[in-house]
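Participant: Can you keep this structure in mind? I'll have questions shortly.
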4 protein chains.
Amino acid sequence: MLKHENLKISHLGDRKFPSPQPERYGRFVRENERVLVSPDTESGARADAEPPCFERAGPRAKLFFDPSAIACGIVTCGGLCPGLNDVIRSLVMTLSYSYGVGRIFGFRFGFAGLSADPPADPMRLTPDGVKRIHEQGGTILGSSRGPQEIGEVVATLVKHDIGVLFCIGGDGTLRGASALAAEIATRGLRIAVIGIPKTIDNDLLWVQRSFGFSTAVEKARTAIQAAHVEAEGAWNGIGLVKLMGRHSGFIAAESCLANNDANFCLVPEVPFTLEGRGGFLELLEQRLRTKHHAVIVVAEGAGQDLLECAETERDASGNVKLLDIGRYLHDRILDHLKDRGMATSVKYIDPSYMIRSLPAIALDSEFCLILGQHAVHAGMSGHTDMVVGFWNQRFTHVPIRAVAGQRNRIDPGGALWARVLEALGQPVSMMGS
Amino acid sequence: MLKHENLKISHLGDRKFPSPQPERYGRFVRENERVLVSPDTESGARADAEPPCFERAGPRAKLFFDPSAIACGIVTCGGLCPGLNDVIRSLVMTLSYSYGVGRIFGFRFGFAGLSADPPADPMRLTPDGVKRIHEQGGTILGSSRGPQEIGEVVATLVKHDIGVLFCIGGDGTLRGASALAAEIATRGLRIAVIGIPKTIDNDLLWVQRSFGFSTAVEKARTAIQAAHVEAEGAWNGIGLVKLMGRHSGFIAAESCLANNDANFCLVPEVPFTLEGRGGFLELLEQRLRTKHHAVIVVAEGAGQDLLECAETERDASGNVKLLDIGRYLHDRILDHLKDRGMATSVKYIDPSYMIRSLPAIALDSEFCLILGQHAVHAGMSGHTDMVVGFWNQRFTHVPIRAVAGQRNRIDPGGALWARVLEALGQPVSMMGS
Amino acid sequence: MLKHENLKISHLGDRKFPSPQPERYGRFVRENERVLVSPDTESGARADAEPPCFERAGPRAKLFFDPSAIACGIVTCGGLCPGLNDVIRSLVMTLSYSYGVGRIFGFRFGFAGLSADPPADPMRLTPDGVKRIHEQGGTILGSSRGPQEIGEVVATLVKHDIGVLFCIGGDGTLRGASALAAEIATRGLRIAVIGIPKTIDNDLLWVQRSFGFSTAVEKARTAIQAAHVEAEGAWNGIGLVKLMGRHSGFIAAESCLANNDANFCLVPEVPFTLEGRGGFLELLEQRLRTKHHAVIVVAEGAGQDLLECAETERDASGNVKLLDIGRYLHDRILDHLKDRGMATSVKYIDPSYMIRSLPAIALDSEFCLILGQHAVHAGMSGHTDMVVGFWNQRFTHVPIRAVAGQRNRIDPGGALWARVLEALGQPVSMMGS
Amino acid sequence: MLKHENLKISHLGDRKFPSPQPERYGRFVRENERVLVSPDTESGARADAEPPCFERAGPRAKLFFDPSAIACGIVTCGGLCPGLNDVIRSLVMTLSYSYGVGRIFGFRFGFAGLSADPPADPMRLTPDGVKRIHEQGGTILGSSRGPQEIGEVVATLVKHDIGVLFCIGGDGTLRGASALAAEIATRGLRIAVIGIPKTIDNDLLWVQRSFGFSTAVEKARTAIQAAHVEAEGAWNGIGLVKLMGRHSGFIAAESCLANNDANFCLVPEVPFTLEGRGGFLELLEQRLRTKHHAVIVVAEGAGQDLLECAETERDASGNVKLLDIGRYLHDRILDHLKDRGMATSVKYIDPSYMIRSLPAIALDSEFCLILGQHAVHAGMSGHTDMVVGFWNQRFTHVPIRAVAGQRNRIDPGGALWARVLEALGQPVSMMGS
């Protein structure tokens with residue numbers, strides 16, 4: 001359970017500079033404002049004396065940095081996600097117009113752009129240059145995976161006179177950002193590291209909603225519709241859709257709820273077997289015998305236990321990299337139904353790259369705008385080693401250590417999964433015996 | 001300020017029937033579970049002894065109604081809103097599959113369908129009949145505005161053996177529903193009245209998010225983009241978009257944030273003048289002189305004080321019904337710029353009916369599904385005179401009296417409006433002197 | 001009837017320069033290649049000795065202009081239309097990459113940008129600058145209506161060393177372009193004037209299809225769907241959609257065929273009355289009495305005879321400019337049904353500006369690309385006073401005099417209108433008696 | 001070259017019945033009306049005495065069948081294609097409302113539904129039942145591939161009293177339909193067989209445009225955009241899109257023209273090598289070295305010669321069915337760049353099933369409506385063994401023997417391919433040496 005003391009945010013030091021344009025903000029957020037982690041209570045219960053709570057995000061009256069004296073840096077890491085350009089745009093606009101920061105650098109292709117030998121020079125970012133980038137998917141900075149040598153990264157930051165580095169990325173990126181903040185602290189440098197959590201899978205802890213997720217569900221729904229049309233178009237037709245979700249099946253689950261064309265939803269959190277009485281293949285066969293078509297949605301991380309066996313078996317042929325749960329299911333279903341003498345046609349749809357690369361829907365665009373604003377407020381006032389979160393209708397500051405290395409996952413005994421079972425008519429268990 | 005005791009939910013009486021299919025639900029919600037109204041606290045502060053909180057929504061272990069013994073009714077009232085069919089569909093699916101209610105009536109064309117002389121007979125609703133209705137906008141039941149004689153409505157409910165009536169509608173509808181619940185209580189009848197709050201404007205109190213709003217913002221954004229393209233296409237070109245928002249400017253404000261093409265956002269909550277130094281027309285003129293195009297977004301309820309004068313003046317010509325803030329602004333802008341000798345071209349866009357009638361985006365579809373499920377859970381367990389709300393990441397029960405007759409409005413001194421001013425570069429005040 | 005001799009294209013003179021990059025083109029078009037105007041014949045009929053035919057468009061082996069020695073100009077005129085940026089982009093790409101023209105000017109805001117006192121200086125156009133403009137609607141050059149003093153225009157062309165001027169516009173623009181070509185010929189200048197026909201209404205003669213039209217029909221269909229949803233949502237509900245089409249009802253007719261939600265389609269080519277037995281209002285009333293909802297699609301130029309009376313009547317109130325056939329129908333329908341004591345609700349939708357400003361659909365984008373290529377081929381080889389047409393699956397050269405001042409209109413006795421009547425079940429005549 | 005005599009249409013015999021509702025149609029088409037195959041001529045050339053021409057489609061004054069005396073059948077075969085439901089809908093509407101045919105059967109799952117042992121009974125089709133099916137992709141009848149025993153098919157037609165059978169399908173289906181017409185003729189039966197050509201690839205001869213193709217290009221464009229975003233998002237990033245096109249690369253070529261994000265377009269008609277100087281892999285490597293990202297569009301039938309070798313090589317591993325040109329390219333590119341020591345990231349997108357299953361865009365919807373009308377006109381007047389075509393802006397009758405077994409293909413020396421090379425900057429040859 002989250003403890004009160006674990007949610008404390010690190011600061012670089014005293015704040016001496018007044019915030020510019022105070023009349024713009026309705027009010028400044030005070031340092032002691034908090035948002036309760038848990039909104040739950042019981043009628044007549046006594047409140048906890050010191051409940052865990054997040055620091056509230058927002059503009060501060062006093063700044064740690066003199067905006068006119070520093071440069072700021074932005075880096076995007078990991079896989080594409082709708083809204084990356086929205087966040088970059090918001091950071092640049094807020095730094096420029098609200099704080100008057102004159103030098104903003106976009107480091108190219110992830111942390112590689114912060115190494116001693118970057119693939120490309122940093123890009124100078126201006127309001128005019130980023131004005132319309134949110135209309136396009138992807139990231140104008142490019143991205144890459146993996147960390148870089150931390151000494152090189154610090155040297156690059158120092159070389160460019162960076163005061164605040166904004167890291168837009170997922171779990172790995174945030175851990176890298178935290179290590180960077182630690183190294184900066186060790187060296188006694190005055191550089192803030194602010195994370196903006198990016199996870200299309202919505203699998204970050206203490207972040208109620210991550211940008212790009214709504215866009216992903218929107219588009220995933222159309223892939224399921226396509227699978228449904230294909231399934232109905234053939235006798236015993238099957239539509240099989242693989243969706244993103246390496247550790248958490250939120251995209252699969254929520255797009256099934258938004259659509260209702262799916263009959264089976266397979267997610268990493270809920271194990272299943274293919275074989276046996278009550279296993280997936282038998283249940284699928286039953287469905288075909290009565291309805292003569294079926295739609296299956298599978299998160300990429302589902303059934304990894306099944307796949308590992310398969311991988312080992314096929315290792316010798318050198319084709320392991322082509323194997324994935326979607327193609328594996330595709331083959332196993334065909335084999336099973338052929339064994340049963342049932343004609344079928346399985347249409348396999350993998351829309352992942354068509355989803356990741358989309359521009360954000362309006363809701364995500366707006367959310368990215370606000371995330372960017374709060375990241376700048378946090379950085380300019382000297383917070384560090386934290387991400388901007390959203391919780392209980394409030395934007396918050398969350399220490400990276402509280403989110404990194406953990407996962408927000410579907411609770412198989414909780415309300416979301418119950419809704420999926422209810423909406424799809426899927427059996428509670430698909431463990432064959 | 002909301003008081004603890006005002007959030008108590010009415011019940012019809014003791015619950016005797018076990019909930020069917022307990023294995024489906026991860027767990028049942030206990031009667032004393034609550035969700036705090038305010039998640040805000042201060043570091044080191046003492047918690048309030050008895051803070052206001054909402055009853056938590058969800059399936060109950062015991063039911064008031066025997067599902068096999070009652071019929072249920074559904075009615076949709078007021079203007080169209082994306083997601084109406086999703087809610088109807090969810091109600092029918094949940095009543096049928098989760099509870100086994102066999103008779104479900106859809107009353108046609110709002111409360112008119114519950115009158116003694118309905119425009120059309122109630123429609124029998126079945127899972128098969130509603131399977132795909134969520135793919136279409138509008139409501140399969142039809143809608144209408146205004147209340148009906150309450151005695152007739154009660155008689156219709158009794159005649160059809162209705163145990164739970166689900167009213168999907170806005171403020172007026174909910175007040176009607178509350179009056180109906182009161183009359184039912186007076187007569188000692190066993191009929192629950194459950195409201196599902198419908199407001200495309202997102203202006204209901206204690207409901208963090210209303211269905212259809214996200215869809216509306218999504219589409220409103222494209223109207224603003226069109227206005228922007230038109231504005232840039234002409235010398236001193238102006239694009240003027242009127243959006244929904246009779247009392248609250250959330251659609252206008254949030255679609256401006258999602259899009260960033262607008263230069264002026266006019267909402268009901270923030271007064272402005274047309275004339276005078278620092279008034280809207282002068283500021284618009286300044287913008288044109290420097291940038292040579294402008295985009296204006298106006299909520300339909302903005303500037304009503306200006307309009308009332310105008311209406312009176314023109315009353316004699318019999319054209320009052322054509323007047324609206326959009327067309328009024330259109331004319332006043334043209335007059336003003338003509339006076340200044342500035343060539344211009346004002347393109348007026350009113351997308352309201354193209355927005356209201358859309359099918360819901362995925363996020364709204366999913367939200368409607370869950371609202372419908374919770375409404376059924378609430379009704380079957382005998383709650384009444386309440387709406388299903390969403391607050392602090394939880395679904396809640398809210399007494400109608402706590403939401404009716406009040407408004408959720410933009411706080412001109414709050415964070416949302418500050419973001420709009422910041423994103424648009426709009427002056428804090430447009431009151432001319 | 002079109003005569004053979006009327007389709008002859010004007011040339012500036014002898015061609016001396018070899019076409020660059022001959023290997024790119026499968027083959028060059030020879031000067032004597034023609035496309036028959038009429039593909040119709042009868043079995044056993046003797047062919048006409050000298051049938052009317054168009055010159056075929058395409059790259060020529062010899063050029064009139066030395067591409068390295070001239071500048072070229074582009075101007076967009078009249079109302080917005082999807083695909084304008086696609087055409088600009090294609091012109092710039094083809095001029096630059098296929099011919100090596102180094103100086104390309106975009107004149108701003110229509111012919112006004114070619115006057116002695118332009119609203120803005122011409123924009124230098126480069127491949128890099130136009131690379132992604134086709135993803136946005138409108139025209140990056142801006143537009144305006146109306147001609148300019150012809151001497152000033154010629155002087156501007158000479159001043160900028162223009163060899164070929166590309167005029168993208170409708171009937172009025174093309175007539176202006178033709179007058180300009182005549183003045184250039186009179187002065188013995190070496191400037192080609194090439195028109196690219198722009199008419200969202202698809203009403204230009206001898207142009208089988210105009211760019212933007214397909215996009216307009218695509219979007220108009222969604223407006224009709226919205227009207228249908230609104231109509232069904234109310235008892236005796238009426239959805240009324242006004243679409244573009246000042247002289248020709250193609251958008252209205254074809255979007256009705258693409259959609260089938262409409263019950264009445266009113267176009268400029270087919271007169272109707274409101275009053276009288278068999279008039280529109282009576283037929284609408286009948287429809288409501290049996291089906292209780294109706295969808296009406298009206299082209300903006302329909303029923304102008306009815307409107308002129310109305311305008312005269314209301315002239316004194318100063319509101320004439322607000323009157324249009326859509327609002328006029330709206331009011332007359334309400335009055336009529338009120339007279340009959342029928343409750344109704346009329347939802348009026350005018351999506352015009354939301355349609356005109358869209359980016360082009362794929363089909364239109366591709367068509368614009370090819371139009372631009374052929375316009376460049378035509379200009380560089382010294383053709384002038386012509387437009388690029390599309391006819392019988394071939395791109396063609398058409399003299400402006402053959403298209404200007406005339407209209408492609410729906411034939412009320414032809415196949416298209418028969419299809420509309422058939423698909424909508426609309427009476428052949430709505431002339432009341 | 002097409003000969004005049006090869007375009008003669010077969011008839012079942014004399015026409016005795018007057019066409020119903022003659023006032024609906026502007027005019028009836030006369031039997032001797034023809035549409036020239038070639039609209040090309042040369043200035044001053046003498047016209048051919050007996051040029052090849054198509055019979056013109058349209059309603060006839062006299063019918064072969066008494067509409068009240070026969071049933072009609074519809075069958076959809078082969079892969080899904082946008083617009084199938086539009087065609088079914090149009091056939092049913094026209095048969096019912098324009099001709100008064102009372103019995104219409106939809107045979108299920110392709111020709112299998114006409115066999116002696118169909119997977120499902122024929123579906124009775126009515127105007128009410130098909131009213132909104134065009135809003136959904138796929139075919140309500142289902143489909144399958146392959147022929148059935150011809151005697152069984154004839155027996156099924158006779159059993160259901162079918163007068164006209166409408167076969168919606170591609171090359172194989174049309175050959176089956178022609179064989180069926182021959183068998184019917186042999187037996188002297190009075191059954192017309194009318195084909196509606198379905199080919200999402202647009203590869204049928206003498207059919208200028210096939211339904212669904214425009215929808216496919218529209219959606220394929222978005223897949224290429226996604227690939228572009230992914231490519232730019234990584235250092236040396238590559239986006240690889242496989243599109244439909246087994247024998248003809250029209251979808252690949254035209255979606256590249258509509259979009260302009262692609263750098264390489266590989267189609268079945270233009271051979272290329274992977275290896276060697278000037279081969280594809282070297283050219284791709286060069287592109288990466290200068291631009292650091294690349295987008296490749298490949299039609300599924302491209303490079304089959306390369307693949308056949310590959311298949312043979314890998315045959316032993318049992319994975320041949322997973323191999324396709326897309327995945328093969330994917331692997332070969334990775335290997336090549338790894339050899340060169342270049343970091344890269346290849347994102348492979350196969351949107352085929354998401355395209356095939358879409359509802360038709362407006363243009364295709366309208367086209368399907370008209371195809372259906374003309375198919376009914378053709379069948380009721382006793383034409384048989386023919387398809388409805390579109391050519392030179394006219395709808396036509398084309399004998400199946402003139403289209404079957406041949407292909408409309410991109411001419412590598414023609415205008416379309418020249419445009420692709422020009423727009424993409426792709427080398428004329430990618431044959432490595």
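The chains in the structure tokens are called A, B, ... from first to last as shown; in each chain the residues are counted from 1, and the ligands are counted from 1 in the order shown.
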Taking only segment 29-213 of chain D into account, list the residues labelled strand (DSSP E or B) by DSSP (computed from the backbone), as a VMD selection string.

Facilitator: chain D and resid 33 to 36 40 to 42 53 to 56 62 to 63 71 to 76 103 to 106 123 to 124 143 162 to 169 192 to 197

Participant: Provide as number ranges by chain the residues of chain B at most 7 Å from chain C, counting only C-alpha atoms.

Facilitator: B: 109, 137-139, 142-144, 223, 226, 229-230, 232-235, 317, 349, 353-354, 357-358

Participant: Write out as a count of residues only the residues lying within 8 Å of segment 387-400 of chain D, counting only C-alpha atoms and excluding same-chain residues fewer than 3 positions away.

Facilitator: 36

Participant: Name the residues in contact with Leu257 of chain B at a cut-off of 7 Å, using only C-alpha atoms, excluding same-chain residues fewer than 2 positions from it; report them as a ChimeraX atom specification.

Facilitator: /A:366 /B:253-255,259-260,420,423

Participant: For the residues in that selection, give me C-alpha atoms as a tab-separated table (two decimals), in the first residue's frame.

Facilitator:
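Done, and the output landed in selection34.tsv:
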chain	number	residue	atom	x	y	z
A	366	GLU	CA	-6.69	18.82	-24.65
B	253	ALA	CA	-13.75	26.16	-24.03
B	254	GLU	CA	-12.60	22.57	-24.33
B	255	SER	CA	-12.84	22.42	-28.11
B	259	ASN	CA	-7.68	22.69	-31.33
B	260	ASN	CA	-5.88	25.97	-30.80
B	420	VAL	CA	-8.17	29.04	-22.41
B	423	ALA	CA	-3.80	28.95	-25.13

Participant: So which residues touch Leu283 of chain D within 10 Å, counting only C-alpha atoms, skipping near sequence neighbours fewer than 6 positions away, as an MDAnalysis selection string?

Facilitator: chainID D and resid 264 274:277 289 426:427 430 432

Participant: DSSP on the backbone, then: every residue of segment 59-218 of chain A marked helix (DSSP H, G or I), written as a short mmCIF file (atom, residue, chain, number, x, y, z; two decimals) with N, CA and C atoms, in the first residue's frame.

Facilitator:
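File produced: states-v2.cif:
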data_model
loop_
_atom_site.label_atom_id
_atom_site.label_comp_id
_atom_site.auth_asym_id
_atom_site.auth_seq_id
_atom_site.Cartn_x
_atom_site.Cartn_y
_atom_site.Cartn_z
N LEU A 84 1.98 12.82 -28.77
CA LEU A 84 3.35 13.25 -28.50
C LEU A 84 3.59 14.68 -29.00
N ASN A 85 3.16 14.95 -30.22
CA ASN A 85 3.37 16.30 -30.75
C ASN A 85 2.56 17.34 -29.98
N ASP A 86 1.39 16.94 -29.48
CA ASP A 86 0.60 17.87 -28.66
C ASP A 86 1.37 18.26 -27.40
N VAL A 87 2.02 17.29 -26.78
CA VAL A 87 2.77 17.59 -25.56
C VAL A 87 3.96 18.50 -25.88
N ILE A 88 4.69 18.16 -26.94
CA ILE A 88 5.83 19.00 -27.32
C ILE A 88 5.36 20.43 -27.56
N ARG A 89 4.28 20.54 -28.32
CA ARG A 89 3.73 21.85 -28.65
C ARG A 89 3.35 22.63 -27.38
N SER A 90 2.69 21.95 -26.46
CA SER A 90 2.26 22.63 -25.24
C SER A 90 3.46 23.08 -24.41
N LEU A 91 4.47 22.23 -24.32
CA LEU A 91 5.68 22.60 -23.57
C LEU A 91 6.30 23.86 -24.18
N VAL A 92 6.43 23.88 -25.50
CA VAL A 92 7.07 25.01 -26.17
C VAL A 92 6.24 26.28 -25.99
N MET A 93 4.93 26.16 -26.17
CA MET A 93 4.06 27.33 -26.05
C MET A 93 4.10 27.89 -24.62
N THR A 94 4.00 27.00 -23.64
CA THR A 94 3.97 27.45 -22.26
C THR A 94 5.31 28.04 -21.83
N LEU A 95 6.40 27.37 -22.19
CA LEU A 95 7.73 27.90 -21.86
C LEU A 95 7.90 29.28 -22.49
N SER A 96 7.47 29.44 -23.74
CA SER A 96 7.70 30.68 -24.46
C SER A 96 6.76 31.79 -24.01
N TYR A 97 5.48 31.53 -24.07
CA TYR A 97 4.50 32.59 -23.86
C TYR A 97 4.23 32.85 -22.38
N SER A 98 4.19 31.79 -21.56
CA SER A 98 3.84 32.01 -20.15
C SER A 98 5.06 32.34 -19.30
N GLY A 110 15.12 10.21 -29.04
CA GLY A 110 15.20 9.67 -27.70
C GLY A 110 16.49 10.06 -26.99
N PHE A 111 16.83 9.28 -26.00
CA PHE A 111 18.05 9.58 -25.22
C PHE A 111 19.30 9.55 -26.11
N ALA A 112 19.21 8.84 -27.27
CA ALA A 112 20.35 8.84 -28.19
C ALA A 112 20.74 10.27 -28.57
N GLY A 113 19.75 11.16 -28.63
CA GLY A 113 20.02 12.56 -28.98
C GLY A 113 20.74 13.31 -27.88
N LEU A 114 20.83 12.70 -26.69
CA LEU A 114 21.53 13.32 -25.57
C LEU A 114 22.91 12.68 -25.35
N PRO A 127 7.60 28.71 -30.93
CA PRO A 127 6.14 28.65 -31.07
C PRO A 127 5.71 28.55 -32.53
N ASP A 128 6.33 29.32 -33.40
CA ASP A 128 5.94 29.26 -34.80
C ASP A 128 6.21 27.90 -35.42
N GLY A 129 7.32 27.31 -35.02
CA GLY A 129 7.68 26.02 -35.61
C GLY A 129 6.79 24.88 -35.15
N VAL A 130 6.17 25.02 -33.99
CA VAL A 130 5.37 23.90 -33.47
C VAL A 130 3.87 24.17 -33.56
N ILE A 133 1.96 21.26 -35.33
CA ILE A 133 2.47 19.88 -35.32
C ILE A 133 1.48 18.90 -34.70
N HIS A 134 0.56 19.42 -33.88
CA HIS A 134 -0.39 18.51 -33.24
C HIS A 134 -1.40 17.94 -34.23
N GLU A 135 -1.41 18.47 -35.44
CA GLU A 135 -2.32 17.91 -36.44
C GLU A 135 -1.76 16.63 -37.05
N ILE A 150 25.13 7.73 -18.69
CA ILE A 150 24.54 8.84 -17.95
C ILE A 150 25.48 10.06 -17.88
N GLY A 151 26.78 9.79 -17.88
CA GLY A 151 27.73 10.90 -17.87
C GLY A 151 27.63 11.72 -19.14
N GLU A 152 27.47 11.05 -20.27
CA GLU A 152 27.32 11.77 -21.54
C GLU A 152 26.06 12.63 -21.54
N VAL A 153 24.99 12.06 -21.00
CA VAL A 153 23.72 12.79 -20.98
C VAL A 153 23.85 14.07 -20.15
N VAL A 154 24.44 13.92 -18.97
CA VAL A 154 24.63 15.09 -18.11
C VAL A 154 25.49 16.13 -18.82
N ALA A 155 26.55 15.65 -19.49
CA ALA A 155 27.43 16.58 -20.19
C ALA A 155 26.68 17.35 -21.27
N THR A 156 25.80 16.65 -21.99
CA THR A 156 25.02 17.31 -23.04
C THR A 156 24.10 18.38 -22.44
N LEU A 157 23.49 18.05 -21.31
CA LEU A 157 22.60 19.01 -20.66
C LEU A 157 23.37 20.26 -20.24
N VAL A 158 24.52 20.03 -19.65
CA VAL A 158 25.34 21.15 -19.20
C VAL A 158 25.80 21.99 -20.39
N LYS A 159 26.23 21.30 -21.44
CA LYS A 159 26.72 21.97 -22.64
C LYS A 159 25.67 22.91 -23.22
N ASP A 171 7.68 3.55 -18.81
CA ASP A 171 8.30 3.08 -17.59
C ASP A 171 9.83 3.13 -17.67
N GLY A 172 10.40 2.58 -18.74
CA GLY A 172 11.85 2.56 -18.87
C GLY A 172 12.43 3.96 -18.93
N THR A 173 11.80 4.81 -19.69
CA THR A 173 12.24 6.19 -19.81
C THR A 173 12.22 6.89 -18.46
N LEU A 174 11.16 6.65 -17.71
CA LEU A 174 11.02 7.33 -16.43
C LEU A 174 12.09 6.84 -15.46
N ARG A 175 12.41 5.56 -15.51
CA ARG A 175 13.49 5.07 -14.66
C ARG A 175 14.81 5.72 -15.05
N GLY A 176 15.02 5.85 -16.37
CA GLY A 176 16.21 6.56 -16.83
C GLY A 176 16.23 8.00 -16.35
N ALA A 177 15.07 8.64 -16.38
CA ALA A 177 14.98 10.03 -15.94
C ALA A 177 15.29 10.15 -14.45
N SER A 178 14.84 9.16 -13.69
CA SER A 178 15.07 9.18 -12.25
C SER A 178 16.56 8.99 -11.94
N ALA A 179 17.18 8.08 -12.67
CA ALA A 179 18.62 7.88 -12.49
C ALA A 179 19.37 9.15 -12.85
N LEU A 180 18.90 9.81 -13.88
CA LEU A 180 19.52 11.07 -14.31
C LEU A 180 19.38 12.13 -13.21
N ALA A 181 18.20 12.21 -12.63
CA ALA A 181 17.98 13.18 -11.56
C ALA A 181 18.89 12.88 -10.37
N ALA A 182 19.09 11.60 -10.10
CA ALA A 182 19.97 11.22 -8.99
C ALA A 182 21.41 11.65 -9.27
N GLU A 183 21.85 11.41 -10.49
CA GLU A 183 23.21 11.79 -10.88
C GLU A 183 23.39 13.31 -10.80
N ILE A 184 22.36 14.03 -11.24
CA ILE A 184 22.39 15.50 -11.17
C ILE A 184 22.50 15.96 -9.71
N ALA A 185 21.73 15.28 -8.86
CA ALA A 185 21.77 15.64 -7.43
C ALA A 185 23.16 15.37 -6.84
N THR A 186 23.71 14.22 -7.22
CA THR A 186 25.04 13.85 -6.74
C THR A 186 26.07 14.92 -7.10
N ARG A 187 25.94 15.42 -8.32
CA ARG A 187 26.89 16.42 -8.79
C ARG A 187 26.54 17.83 -8.34
N PHE A 213 -4.34 7.06 -24.96
CA PHE A 213 -5.13 5.86 -24.70
C PHE A 213 -6.53 5.97 -25.32
N SER A 214 -7.17 7.11 -25.14
CA SER A 214 -8.52 7.30 -25.70
C SER A 214 -8.50 7.21 -27.22
N THR A 215 -7.47 7.77 -27.82
CA THR A 215 -7.34 7.68 -29.27
C THR A 215 -7.16 6.22 -29.69
N ALA A 216 -6.38 5.50 -28.93
CA ALA A 216 -6.13 4.09 -29.26
C ALA A 216 -7.42 3.28 -29.18
N VAL A 217 -8.21 3.52 -28.14
CA VAL A 217 -9.47 2.78 -28.01
C VAL A 217 -10.41 3.13 -29.16
N GLU A 218 -10.44 4.41 -29.51
CA GLU A 218 -11.29 4.85 -30.61
C GLU A 218 -10.99 4.08 -31.88
#

Participant: Compile the contact shell of Asp203 of chain A as a list in words: residues with an atom at most 7 Å away, counting only C-alpha atoms, same-chain residues fewer than 6 positions apart removed.

Facilitator: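 Surrounding residues, per the criterion: Ser248, Arg407, Asn408 and Arg409 of chain A.
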
Participant: Excluding Gly163 of chain C and any residue of its chain fewer than 5 positions from it, enumerate the residues within 6 Å of it, using only C-alpha atoms, and give them as an mmCIF file with C-alpha atoms, in the first residue's frame.

Facilitator:
data_model
loop_
_atom_site.group_PDB
_atom_site.id
_atom_site.type_symbol
_atom_site.label_atom_id
_atom_site.label_comp_id
_atom_site.auth_asym_id
_atom_site.auth_seq_id
_atom_site.Cartn_x
_atom_site.Cartn_y
_atom_site.Cartn_z
ATOM 1 C CA ILE C 70 11.078 32.026 -66.925
ATOM 2 C CA ALA C 71 9.192 32.425 -63.698
ATOM 3 C CA CYS C 72 5.696 31.005 -63.250
ATOM 4 C CA ILE C 191 2.842 34.722 -71.459
#

Participant: For Cys81 of chain C, which residue out of C:Tyr328, C:Phe211, C:Phe367, C:Phe17 is the nearest one, using only C-alpha atoms?

Facilitator: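 Smallest distance to Cys81 of chain C is found for C:Phe211.
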